[in-house]
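**Q** I am attaching a structure below and will ask some questions about it afterwards.
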Amino acid sequence: MSFFKKDNKNISEEIVSENQNIAAPAVQEKKSESYKKVKSSGKVGLTKTELMRRLKYGSLSTVLTIVFIIAVILANILVQTLAYKIPGFTIDTSAYKYYELSDESIEYLGTLDDYEIEIIFIGSKQDLRNHIYYSKICALAENYEKYAENLKVSYVDIDKNPGFTANYDNIELTDGDALVVCGNRYNQLTSADFLYAESDDEDGSADSSTDTSAKEYSLTAEYALTTAIMVVTASDHPQATIITGHGEKELEKLETMLKNNGYDLNRQSIFSEINYDSDILIISAPTKDYSEDDLKKLDDYLYNNGKYGKNVIYVADYTQPVLPNLEAFLYDWGIELESGFVYETDNELVYAGNPGITNLSFIDPNLTLSAALAEVTACGYYGKPAKIANKLDIDMENTVILQHTETSDIGTATSDGVEGKDKLYPYVAMARTTHSRYSQDIEIMESSLLFVNSTGFFEGVLFERDYFANADITIAAIDDLLGRDNTFLLPSKNLTPAALSISYDQANLIGSIAAIVVPVLILIACLIVYIRRRFS
């Protein structure tokens, strides 16, 4: 069999192949036309190389997008964690820095590592955090946790937990109150401590904390919380006794301030034996004169069996009648009184257009005041005219703390207004007289009288607004009587209707949208783009 002999099958295949080659131009032409149609219709397929290149760069773009979104979510979580853990990490962008603590509070909170402190708000957390004002109060309180390691804020709904009040005797708790607790000590705060409502009264003397006509509110929560913490952690609690029995006036704001600053208050009639455990006696504008026996009790108290160390605060008022015995007692302590009231003859130095409400000059350079007083002044309210007596005993020293301006005059009310006496003096508004002696150990022993010429000095906006220094000077002067490191007052923050306020739930909603919903929507959009590109 010849190797060159072709098989019939092979010959047939060659013939078919030749015939196909002959027809190839026509077939190729048809394929070319078909390709053009497919290409013009956009349904052309991808080569393997092109497909791999698209998959490579498309997958990389998708991975980078996903990584970026995850990074954004993690960054949100990290920032929220750092904002809670690291003091000063957040920025308070509210109009009046509602949530930002003062340097005084921050410095003080840093000294409380040895105390376990709890701020307990009464009411539903959700309801309080949704309240237009309490949302700010609660947020401010929670900011305290950043600066005191052992301080925490909690909420108790007494409707759901009525047995909670049994832990605290002699107090009534309502929604919006708060308790500042340290061990067995606690201090109750109410809405009146957190918020001050300023009325439209021109003289500024009205107490508008419950006045429904009040239109402007100030946030005083930082002062209330900080001083409450100071009270429950204080090592000393001086005693102050309110003397009654001769038609004295109430000084509610002064009493509240003393309580907030750690003083234990009680009341006692001058007719009973004076409690020598009390560090201070407060006599507020009596309308009936003291007897010789009454005055002897005061002298004996101040002398304190030769040990001194006692103090009297005497508050005068222009409405008092002439009280010869009391005025003689004050004269012996260097204070000389006159009838009428002090008014300002310079209209540029009056408040609210009322000449009886006047600017006061701060005199005492030795009295330590808080930094909050850098640009504020004290204000007098119809003060009783008082001067420093010309003669003092050799062992007595008088220090003027506040005085009226040199353009002030003594006035009396008439049907036509105020009638002056043309006696221009720098009348004393607040002064301290100290009676001192040396002990056998050559230590100075002192008893003092602090004189204030008006009960109105302690009332209304004059005592509660940050642009008057009345309260700060008062607590500094009283603490100074006892040689006590004076506490500080913190400025209030105005709550204006124009300020943007959002509730706790709204803030959470916005945060959730920014941290979760927006990134998820971006991820979905990226996936849609990727899928369309991948399969189109």
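For the structure tokens, the naming scheme is as follows: chains receive sequential letters (A, B, ...) according to their order of presentation, residues are indexed from 1 within each chain, and ligands are indexed from 1 in presentation order.
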DSSP on the backbone, alpha helix (DSSP H) only: what residues of range 288-486 of chain A does that give? Format it as a ChimeraX atom specification.
**A** /A:292-303,324-332,460-464,470-481
**Q** Could the residues in this selection be written to a file with N, CA and C atoms, as an mmCIF file, in the first residue's frame?
**A**
```cif
data_model
loop_
_atom_site.group_PDB
_atom_site.id
_atom_site.type_symbol
_atom_site.label_atom_id
_atom_site.label_comp_id
_atom_site.auth_asym_id
_atom_site.auth_seq_id
_atom_site.Cartn_x
_atom_site.Cartn_y
_atom_site.Cartn_z
ATOM 1 N N GLU A 292 -32.457 97.873 125.758
ATOM 2 C CA GLU A 292 -31.108 97.784 126.308
ATOM 3 C C GLU A 292 -30.698 96.330 126.508
ATOM 4 N N ASP A 293 -31.639 95.507 126.944
ATOM 5 C CA ASP A 293 -31.330 94.088 127.130
ATOM 6 C C ASP A 293 -30.995 93.421 125.802
ATOM 7 N N ASP A 294 -31.745 93.798 124.744
ATOM 8 C CA ASP A 294 -31.473 93.231 123.422
ATOM 9 C C ASP A 294 -30.066 93.606 122.954
ATOM 10 N N LEU A 295 -29.702 94.860 123.139
ATOM 11 C CA LEU A 295 -28.389 95.320 122.690
ATOM 12 C C LEU A 295 -27.271 94.672 123.507
ATOM 13 N N LYS A 296 -27.541 94.442 124.799
ATOM 14 C CA LYS A 296 -26.529 93.775 125.621
ATOM 15 C C LYS A 296 -26.261 92.362 125.104
ATOM 16 N N LYS A 297 -27.317 91.698 124.637
ATOM 17 C CA LYS A 297 -27.119 90.362 124.072
ATOM 18 C C LYS A 297 -26.193 90.422 122.860
ATOM 19 N N LEU A 298 -26.367 91.466 122.015
ATOM 20 C CA LEU A 298 -25.496 91.606 120.848
ATOM 21 C C LEU A 298 -24.063 91.887 121.278
ATOM 22 N N ASP A 299 -23.893 92.795 122.264
ATOM 23 C CA ASP A 299 -22.542 93.104 122.739
ATOM 24 C C ASP A 299 -21.863 91.876 123.337
ATOM 25 N N ASP A 300 -22.610 91.137 124.135
ATOM 26 C CA ASP A 300 -22.035 89.942 124.755
ATOM 27 C C ASP A 300 -21.673 88.894 123.708
ATOM 28 N N TYR A 301 -22.524 88.782 122.711
ATOM 29 C CA TYR A 301 -22.253 87.811 121.648
ATOM 30 C C TYR A 301 -20.966 88.181 120.922
ATOM 31 N N LEU A 302 -20.815 89.444 120.555
ATOM 32 C CA LEU A 302 -19.628 89.873 119.815
ATOM 33 C C LEU A 302 -18.368 89.774 120.679
ATOM 34 N N TYR A 303 -18.504 90.039 121.953
ATOM 35 C CA TYR A 303 -17.358 89.931 122.856
ATOM 36 C C TYR A 303 -16.974 88.468 123.078
ATOM 37 N N PRO A 324 -33.596 104.923 117.802
ATOM 38 C CA PRO A 324 -32.481 105.540 118.537
ATOM 39 C C PRO A 324 -31.489 104.533 119.114
ATOM 40 N N ASN A 325 -31.968 103.488 119.732
ATOM 41 C CA ASN A 325 -31.052 102.541 120.383
ATOM 42 C C ASN A 325 -30.203 101.784 119.368
ATOM 43 N N LEU A 326 -30.838 101.291 118.322
ATOM 44 C CA LEU A 326 -30.090 100.568 117.295
ATOM 45 C C LEU A 326 -29.113 101.483 116.573
ATOM 46 N N GLU A 327 -29.547 102.714 116.291
ATOM 47 C CA GLU A 327 -28.670 103.646 115.597
ATOM 48 C C GLU A 327 -27.477 104.028 116.476
ATOM 49 N N ALA A 328 -27.680 104.094 117.789
ATOM 50 C CA ALA A 328 -26.562 104.349 118.697
ATOM 51 C C ALA A 328 -25.592 103.169 118.709
ATOM 52 N N PHE A 329 -26.130 101.958 118.664
ATOM 53 C CA PHE A 329 -25.288 100.760 118.597
ATOM 54 C C PHE A 329 -24.440 100.793 117.332
ATOM 55 N N LEU A 330 -25.054 101.132 116.192
ATOM 56 C CA LEU A 330 -24.318 101.197 114.935
ATOM 57 C C LEU A 330 -23.255 102.299 114.973
ATOM 58 N N TYR A 331 -23.588 103.422 115.599
ATOM 59 C CA TYR A 331 -22.624 104.521 115.699
ATOM 60 C C TYR A 331 -21.383 104.084 116.477
ATOM 61 N N ASP A 332 -21.610 103.281 117.525
ATOM 62 C CA ASP A 332 -20.466 102.769 118.283
ATOM 63 C C ASP A 332 -19.589 101.869 117.419
ATOM 64 N N GLY A 460 -34.228 90.775 93.418
ATOM 65 C CA GLY A 460 -34.485 90.936 91.986
ATOM 66 C C GLY A 460 -33.262 90.768 91.119
ATOM 67 N N VAL A 461 -33.281 91.469 89.984
ATOM 68 C CA VAL A 461 -32.207 91.335 89.005
ATOM 69 C C VAL A 461 -30.884 91.866 89.549
ATOM 70 N N LEU A 462 -30.932 92.748 90.528
ATOM 71 C CA LEU A 462 -29.688 93.289 91.080
ATOM 72 C C LEU A 462 -28.842 92.189 91.710
ATOM 73 N N PHE A 463 -29.492 91.158 92.208
ATOM 74 C CA PHE A 463 -28.778 90.105 92.919
ATOM 75 C C PHE A 463 -28.611 88.841 92.090
ATOM 76 N N GLU A 464 -29.285 88.774 90.929
ATOM 77 C CA GLU A 464 -29.317 87.502 90.205
ATOM 78 C C GLU A 464 -28.782 87.569 88.783
ATOM 79 N N ASN A 470 -23.546 92.449 92.778
ATOM 80 C CA ASN A 470 -24.062 92.446 94.152
ATOM 81 C C ASN A 470 -23.845 91.117 94.860
ATOM 82 N N ALA A 471 -24.228 90.021 94.210
ATOM 83 C CA ALA A 471 -24.143 88.711 94.860
ATOM 84 C C ALA A 471 -22.697 88.302 95.090
ATOM 85 N N ASP A 472 -21.839 88.526 94.106
ATOM 86 C CA ASP A 472 -20.446 88.109 94.228
ATOM 87 C C ASP A 472 -19.745 88.875 95.340
ATOM 88 N N ILE A 473 -19.989 90.173 95.424
ATOM 89 C CA ILE A 473 -19.371 90.971 96.477
ATOM 90 C C ILE A 473 -19.916 90.556 97.849
ATOM 91 N N THR A 474 -21.209 90.242 97.897
ATOM 92 C CA THR A 474 -21.822 89.852 99.174
ATOM 93 C C THR A 474 -21.197 88.583 99.724
ATOM 94 N N ILE A 475 -21.116 87.533 98.910
ATOM 95 C CA ILE A 475 -20.584 86.270 99.429
ATOM 96 C C ILE A 475 -19.097 86.401 99.735
ATOM 97 N N ALA A 476 -18.376 87.209 98.963
ATOM 98 C CA ALA A 476 -16.956 87.425 99.254
ATOM 99 C C ALA A 476 -16.791 88.138 100.590
ATOM 100 N N ALA A 477 -17.645 89.137 100.851
ATOM 101 C CA ALA A 477 -17.545 89.896 102.104
ATOM 102 C C ALA A 477 -17.919 89.035 103.309
ATOM 103 N N ILE A 478 -18.945 88.188 103.158
ATOM 104 C CA ILE A 478 -19.368 87.336 104.279
ATOM 105 C C ILE A 478 -18.331 86.248 104.551
ATOM 106 N N ASP A 479 -17.817 85.633 103.494
ATOM 107 C CA ASP A 479 -16.762 84.639 103.688
ATOM 108 C C ASP A 479 -15.535 85.268 104.344
ATOM 109 N N ASP A 480 -15.268 86.519 103.996
ATOM 110 C CA ASP A 480 -14.109 87.201 104.555
ATOM 111 C C ASP A 480 -14.259 87.432 106.058
ATOM 112 N N LEU A 481 -15.497 87.581 106.527
ATOM 113 C CA LEU A 481 -15.722 87.727 107.973
ATOM 114 C C LEU A 481 -15.183 86.533 108.741
#
```
**Q** Hey, what's within 6 Å of range 236-245 of chain A if we count only C-alpha atoms and toss same-chain stuff fewer than 4 positions away? As a ChimeraX atom specification, please?
**A** /A:262-270,278-283
**Q** Out of A:Ala431, A:Met445, A:Ile363, A:Leu74, which residue has the shortest atom-to-atom distance to Lys307 in chain A when counting only C-alpha atoms?
**A**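 Using only C-alpha atoms, the shortest distance to Lys307 in chain A belongs to A:Met445.
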**Q** Between CA of Asn398 in chain A and CA of Leu360 in chain A, measure the distance and give it in Å to one decimal.
**A**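 Interatomic distance here is 18.2 Å.
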**Q** Find, counting only C-alpha atoms, the residue in A:Val400, A:Arg185, A:Leu225, A:Gly380 that gets nearest to Asp364 in chain A.
**A**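 The closest residue to Asp364 in chain A is A:Val400.
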**Q** For the strand (DSSP E or B) assignment from backbone DSSP, which residues of range 237-349 of chain A qualify? Please present them as number ranges by chain.
**A** A: 239-244, 264-269, 280-284, 311-315, 335-337, 341-344
**Q** Find the residue from A:Asn143, A:Thr455, A:Asn170, A:Thr190 that sits nearest to Ser105 in chain A; use only C-alpha atoms when measuring.
**A** A:Asn143
**Q** So, with only C-alpha atoms as the atoms that count, which of A:Phe164, A:Tyr427, A:Tyr290, A:Tyr343 lies closest to Val322 in chain A?
**A**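 Closest candidate: A:Tyr290.
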**Q** Which of these, A:Tyr308, A:Tyr144, A:Tyr276, A:Phe458, has the shortest distance to Glu443 in chain A once you count only C-alpha atoms?
**A**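 Among the listed residues, A:Tyr308 lies closest to Glu443 in chain A.
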**Q** Could you tell me how far CA of Val181 in chain A lies from CA of Glu107 in chain A, in Å and to one decimal?
**A**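 So the answer is 20.0 Å.
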**Q** For Asp277 in chain A, which of A:Ile335, A:Asn311, A:Ile394, A:Gly306 is the closest residue, counting only C-alpha atoms?
**A**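 Selected residue with least distance to Asp277 in chain A: A:Asn311.
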**Q** Could you tell me how far CA of Thr434 in chain A lies from CA of Asn304 in chain A, in Å and to one decimal?
**A**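 One can read the CA of Thr434 in chain A to CA of Asn304 in chain A distance as 14.3 Å.
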**Q** Near Ala148 in chain A, within 7 Å and counting only C-alpha atoms, which residues show up once chain neighbours fewer than 6 positions away are dropped, as a ChimeraX atom specification?
**A** /A:109-110,112-113
